[in-house]
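Chemist: Shown below is the structure under consideration.
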Amino acid sequence: MKINCLNPIASCGLEMLGDNYEITENTAEADAILVRSAVMHDMELPDSLLAVARAGAGVNNIPLEACAEKGIVVFNTPGANANGVKELTIAAMLLAARDIGGGIQWCRENKDNANIAKDAEKAKKNYAGTEIKGKKLGIIGLGAIGVLVANAANRLGMDVYGCDPYLSVEHALNMSRDVTMVKTNDELFEMCDYLTVHVPLLDSTKGMLNKETFSKMKDGVIILNFSRDTLVNEADMKEALASGKVGKYVVDFPNPNTVNMPNTIVTPHLGASTQESEDNCAKMAVHEIREFLENGNIKNSVNYPNCDAGVCPTESRVTIAHKNVPNMLSRFTSLFSKDGINIENMVNKSLGNFAYTILDICSDEVDGVAEELEAMDGVIRVRIIK
């Protein structure tokens, strides 16, 4: 199998590739692509390409629909960089609460002052702040990152409230019992001193923090955004900062708007920029690619359903990427029964317009059936795993 890396991928991940893998510089011959930030929308997707793994959570740099239409499964690495983002979010709250940046800048500007120690005692009142202990923190989105932020803030003595209508059982079990769940974001807006957002960028979340939602918040609220800049209507944010409705805005996405807003702390997309996060993302991405290429299993895909049949116990395994339309399964099974081939195990899952089926077959003569499957309307790609 040939793997193409569009960005540098941590060596600890690439070392997980076995002897059956080769790193290639030629995208046109790649079976799989590993990517971080490189934009793939204008790329010509080769017919050989089976999978793309993004070493990170966001996938806005990948043409998901075009990949799905060609049977190319796109993976991301949710949670691999969660601790790095959590730690930066906590640091952001402290930076917003205490004018640490202003104090550091004063020291730099006065580095040649022989009386700096004495003058600092007079100057420090200009950089006084507040403590975060006892303040109310509202967390919008309690996924891998949001839960870690909730638990850390709770241990720092904050009163933590969260809202997530899609909270998973796994994340609920990992969350401190001291975190209070509310049903709507409006409840967070009305009572919280700090608000941090940890949701993906979707049509439903784009611009979700805007003039209307700011009007529901406490005066002087501090807003943290380490998810995506476009979750915030920046024109409305600038107005809210100027009026004092929003006390401070800490955002990890520099652009011509954010870097020119008053009372804003901007960092250069540092959320996952730790060695540990990069290593974790690389290892998870390579594991996903290997599991898919070697066993046909899908975990953490964003354009195809998760589908796991373990290791194939029979003579053959066939996987089918297809459209999510009626009667596909009956058409698949009828082909095998026509040739007297028994299906030992079948797993089928769907996601939106696309579906994926794994068939474990009690025969090693499946080439002819695979060709018939490929000719079916609605079938996108057929692979014989073994």
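Going by the structure tokens order, chains are called A, B, ..., each with residues numbered from 1, while ligands are numbered from 1 in the order shown.
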Env of Gly143 (chain A): 9 Å cut, atoms = only C-alpha atoms, seq-sep filter 5 positions within chain, self excluded. Answer as a list of chain:residue names.
Modeler: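 Those residues are A:Gly79, A:Leu148, A:Asp164, A:Tyr166, A:Leu167, A:Ser168, A:His171, A:His198, A:Val199.
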Chemist: For the selection just defined, write its residues with N, CA and C atoms to a file, as a compact mmCIF listing (two decimals), in the first residue's frame.
Modeler:
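File produced: again38.txt:
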# COMPACT_ATOMS: atom_id res chain seq x y z
N GLY A 79 -10.60 13.92 19.59
CA GLY A 79 -10.10 13.66 20.93
C GLY A 79 -8.60 13.55 21.04
N LEU A 148 -13.31 17.87 29.05
CA LEU A 148 -12.04 18.10 29.74
C LEU A 148 -11.98 19.51 30.32
N ASP A 164 -25.38 20.54 25.80
CA ASP A 164 -25.07 19.74 24.62
C ASP A 164 -26.21 18.74 24.41
N TYR A 166 -26.51 16.68 22.18
CA TYR A 166 -26.00 15.44 21.59
C TYR A 166 -24.94 14.78 22.48
N LEU A 167 -24.97 15.07 23.77
CA LEU A 167 -23.99 14.52 24.70
C LEU A 167 -24.01 12.99 24.65
N SER A 168 -22.82 12.41 24.39
CA SER A 168 -22.73 10.95 24.30
C SER A 168 -22.65 10.33 25.69
N HIS A 171 -18.99 10.54 27.02
CA HIS A 171 -18.59 11.83 27.56
C HIS A 171 -19.35 12.17 28.85
N HIS A 198 -17.31 24.90 22.10
CA HIS A 198 -16.57 23.73 21.62
C HIS A 198 -17.49 22.86 20.76
N VAL A 199 -17.94 23.44 19.65
CA VAL A 199 -18.82 22.73 18.72
C VAL A 199 -18.21 22.79 17.33
Chemist: With only C-alpha atoms counted and 10 Å as the cut-off, give the residues of region 30-73 of chain A in contact with region 304-319 of chain A, each with its shortest interatomic distance in Å and the pair that gives it, as CSV.
Modeler:
residue,atom,partner,partner_atom,distance
A:Leu64,CA,A:Tyr304,CA,9.5
A:Cys67,CA,A:Tyr304,CA,9.9
A:Ala68,CA,A:Tyr304,CA,7.2
A:Gly71,CA,A:Tyr304,CA,8.8
A:Ile72,CA,A:Tyr304,CA,8.8
A:Val73,CA,A:Tyr304,CA,6.2
Chemist: Run DSSP on the backbone and tell me which residues of region 68-213 of chain A come out as strand (DSSP E); list them as a PDB file with N, CA and C atoms, in the first residue's frame.
Modeler:
ATOM      1  N   VAL A  73     -13.099   7.037   1.796  1.00  0.00           N
ATOM      2  CA  VAL A  73     -13.517   7.249   3.179  1.00  0.00           C
ATOM      3  C   VAL A  73     -12.578   8.260   3.832  1.00  0.00           C
ATOM      4  N   VAL A  74     -13.166   9.292   4.435  1.00  0.00           N
ATOM      5  CA  VAL A  74     -12.397  10.349   5.085  1.00  0.00           C
ATOM      6  C   VAL A  74     -12.499  10.190   6.601  1.00  0.00           C
ATOM      7  N   PHE A  75     -11.334  10.144   7.248  1.00  0.00           N
ATOM      8  CA  PHE A  75     -11.264   9.990   8.694  1.00  0.00           C
ATOM      9  C   PHE A  75     -10.750  11.275   9.338  1.00  0.00           C
ATOM     10  N   LYS A 136     -18.918  31.784  37.186  1.00  0.00           N
ATOM     11  CA  LYS A 136     -19.737  30.833  36.444  1.00  0.00           C
ATOM     12  C   LYS A 136     -19.202  30.683  35.021  1.00  0.00           C
ATOM     13  N   LEU A 137     -18.894  29.443  34.644  1.00  0.00           N
ATOM     14  CA  LEU A 137     -18.411  29.125  33.301  1.00  0.00           C
ATOM     15  C   LEU A 137     -19.471  28.330  32.565  1.00  0.00           C
ATOM     16  N   GLY A 138     -19.839  28.814  31.383  1.00  0.00           N
ATOM     17  CA  GLY A 138     -20.773  28.088  30.523  1.00  0.00           C
ATOM     18  C   GLY A 138     -20.035  27.459  29.358  1.00  0.00           C
ATOM     19  N   ILE A 139     -20.277  26.179  29.124  1.00  0.00           N
ATOM     20  CA  ILE A 139     -19.595  25.451  28.049  1.00  0.00           C
ATOM     21  C   ILE A 139     -20.635  25.004  27.030  1.00  0.00           C
ATOM     22  N   ILE A 140     -20.479  25.483  25.812  1.00  0.00           N
ATOM     23  CA  ILE A 140     -21.363  25.109  24.715  1.00  0.00           C
ATOM     24  C   ILE A 140     -20.685  23.983  23.942  1.00  0.00           C
ATOM     25  N   ASP A 159     -17.878  27.485  39.029  1.00  0.00           N
ATOM     26  CA  ASP A 159     -19.202  26.869  38.921  1.00  0.00           C
ATOM     27  C   ASP A 159     -19.444  26.604  37.440  1.00  0.00           C
ATOM     28  N   VAL A 160     -19.485  25.349  37.062  1.00  0.00           N
ATOM     29  CA  VAL A 160     -19.480  24.979  35.648  1.00  0.00           C
ATOM     30  C   VAL A 160     -20.857  24.503  35.207  1.00  0.00           C
ATOM     31  N   TYR A 161     -21.305  25.053  34.069  1.00  0.00           N
ATOM     32  CA  TYR A 161     -22.586  24.694  33.465  1.00  0.00           C
ATOM     33  C   TYR A 161     -22.322  24.297  32.012  1.00  0.00           C
ATOM     34  N   GLY A 162     -23.044  23.299  31.543  1.00  0.00           N
ATOM     35  CA  GLY A 162     -22.840  22.844  30.176  1.00  0.00           C
ATOM     36  C   GLY A 162     -24.136  22.626  29.439  1.00  0.00           C
ATOM     37  N   CYS A 163     -24.067  22.744  28.112  1.00  0.00           N
ATOM     38  CA  CYS A 163     -25.234  22.472  27.259  1.00  0.00           C
ATOM     39  C   CYS A 163     -24.777  21.700  26.034  1.00  0.00           C
ATOM     40  N   THR A 180     -23.166  21.178  36.079  1.00  0.00           N
ATOM     41  CA  THR A 180     -24.621  21.280  35.947  1.00  0.00           C
ATOM     42  C   THR A 180     -25.015  21.364  34.481  1.00  0.00           C
ATOM     43  N   MET A 181     -25.884  20.474  34.054  1.00  0.00           N
ATOM     44  CA  MET A 181     -26.364  20.490  32.679  1.00  0.00           C
ATOM     45  C   MET A 181     -27.621  21.355  32.562  1.00  0.00           C
ATOM     46  N   TYR A 194     -18.257  33.574  32.120  1.00  0.00           N
ATOM     47  CA  TYR A 194     -17.380  33.124  31.034  1.00  0.00           C
ATOM     48  C   TYR A 194     -18.173  32.162  30.164  1.00  0.00           C
ATOM     49  N   LEU A 195     -17.946  32.257  28.866  1.00  0.00           N
ATOM     50  CA  LEU A 195     -18.562  31.326  27.918  1.00  0.00           C
ATOM     51  C   LEU A 195     -17.477  30.795  26.990  1.00  0.00           C
ATOM     52  N   THR A 196     -17.425  29.483  26.834  1.00  0.00           N
ATOM     53  CA  THR A 196     -16.479  28.887  25.895  1.00  0.00           C
ATOM     54  C   THR A 196     -17.235  27.946  24.971  1.00  0.00           C
ATOM     55  N   VAL A 197     -16.894  27.974  23.690  1.00  0.00           N
ATOM     56  CA  VAL A 197     -17.651  27.226  22.691  1.00  0.00           C
ATOM     57  C   VAL A 197     -16.768  26.122  22.116  1.00  0.00           C
TER      58      VAL A 197
END
Chemist: As a VMD selection string, please: the residues near Ala285 (chain A) (cut-off 8 Å, only C-alpha atoms, same-chain neighbours under 6 positions excluded).
Modeler: chain A and resid 13 34 53 to 55 75 to 77
Chemist: Quick one: of A:Glu291, A:Glu239, A:Asp193, A:Asp47, who's nearest to Met261 (chain A), counting only C-alpha atoms?
Modeler: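 Closest residue, counting only C-alpha atoms: A:Glu239.
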Chemist: Using only C-alpha atoms, which protein or nucleic acid residues come within 10 Å of Leu50 (chain A)? Drop anything in the same chain fewer than 4 positions from it, and give the result as a count of residues only.
Modeler: 17
Chemist: Within 12 Å of Lys86 (chain A), counting only C-alpha atoms, which residues qualify if same-chain residues fewer than 4 places away don't, as JSON, numbers by chain?
Modeler: {"A": [79, 80, 81, 82, 90, 91, 92, 93, 139, 142, 143, 144, 145, 146, 147, 148, 149, 150, 151, 152, 153, 196, 197, 198, 224, 225, 226, 227, 270, 271, 272, 273, 274, 277]}
Chemist: Using only C-alpha atoms, which of the listed residues (A:Ala242, A:Ile358, A:Val266, A:Cys107) sits closest to Asn295 (chain A)?
Modeler: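 Of the candidates, the smallest distance to Asn295 (chain A) is held by A:Ile358.
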Chemist: Based on DSSP run over this structure's backbone, return all residues of region 52-136 of chain A in helix (DSSP H, G or I), as a PyMOL selection string.
Modeler: chain A and resi 64-69+82-97+100-109+116-127
Chemist: Save the residues we just selected, C-alpha atoms, as a CSV table (one decimal), in the first residue's frame?
Modeler:
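Contents of the output file result22.csv:
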chain,number,residue,atom,x,y,z
A,64,LEU,CA,-16.1,15.4,1.8
A,65,GLU,CA,-18.9,15.0,-0.7
A,66,ALA,CA,-16.6,14.5,-3.7
A,67,CYS,CA,-14.7,11.8,-1.7
A,68,ALA,CA,-17.9,10.0,-0.7
A,69,GLU,CA,-19.1,9.9,-4.3
A,82,ALA,CA,-8.3,17.4,23.2
A,83,ASN,CA,-5.9,17.9,26.1
A,84,GLY,CA,-3.8,20.4,24.3
A,85,VAL,CA,-6.9,22.5,23.5
A,86,LYS,CA,-8.2,22.1,27.0
A,87,GLU,CA,-5.0,23.5,28.6
A,88,LEU,CA,-5.0,26.5,26.2
A,89,THR,CA,-8.6,27.2,27.0
A,90,ILE,CA,-7.8,27.3,30.7
A,91,ALA,CA,-4.8,29.5,30.0
A,92,ALA,CA,-7.1,31.8,28.0
A,93,MET,CA,-9.5,32.2,31.0
A,94,LEU,CA,-6.5,33.2,33.1
A,95,LEU,CA,-5.2,35.6,30.5
A,96,ALA,CA,-8.7,37.2,30.3
A,97,ALA,CA,-9.1,37.4,34.0
A,100,ILE,CA,-0.9,39.1,32.3
A,101,GLY,CA,-0.1,40.2,28.8
A,102,GLY,CA,-0.2,43.9,29.7
A,103,GLY,CA,2.1,43.3,32.7
A,104,ILE,CA,4.6,41.4,30.6
A,105,GLN,CA,4.6,44.2,28.0
A,106,TRP,CA,5.2,46.8,30.8
A,107,CYS,CA,8.3,44.8,32.0
A,108,ARG,CA,9.7,44.7,28.4
A,109,GLU,CA,9.2,48.4,27.9
A,116,ILE,CA,12.0,48.8,37.7
A,117,ALA,CA,11.3,46.9,40.9
A,118,LYS,CA,10.1,50.0,42.7
A,119,ASP,CA,8.2,51.4,39.8
A,120,ALA,CA,6.5,48.0,39.3
A,121,GLU,CA,4.8,48.4,42.6
A,122,LYS,CA,3.2,51.6,41.3
A,123,ALA,CA,2.4,50.2,37.9
A,124,LYS,CA,0.9,46.9,38.8
A,125,LYS,CA,-2.5,48.5,39.7
A,126,ASN,CA,-3.0,49.1,36.0
A,127,TYR,CA,-2.9,45.4,35.4
Chemist: Which value, in Å to one decimal, gives the distance between CA of Lys323 (chain A) and CA of Val286 (chain A)?
Modeler: 26.7 Å
Chemist: Need to verify the contact set: Ile361 (chain A), 12 Å, only C-alpha atoms, exclusion of same-chain residues closer than 4 positions in sequence. Can you return it as a ChimeraX atom specification?
Modeler: /A:312-319,333,336-337,339-346,365-367,369-370,384-386
Chemist: With only C-alpha atoms as the atoms that count, which of A:Lys283, A:Arg228, A:Lys245, A:Lys183 lies nearest to Glu212 (chain A)?
Modeler: A:Lys245
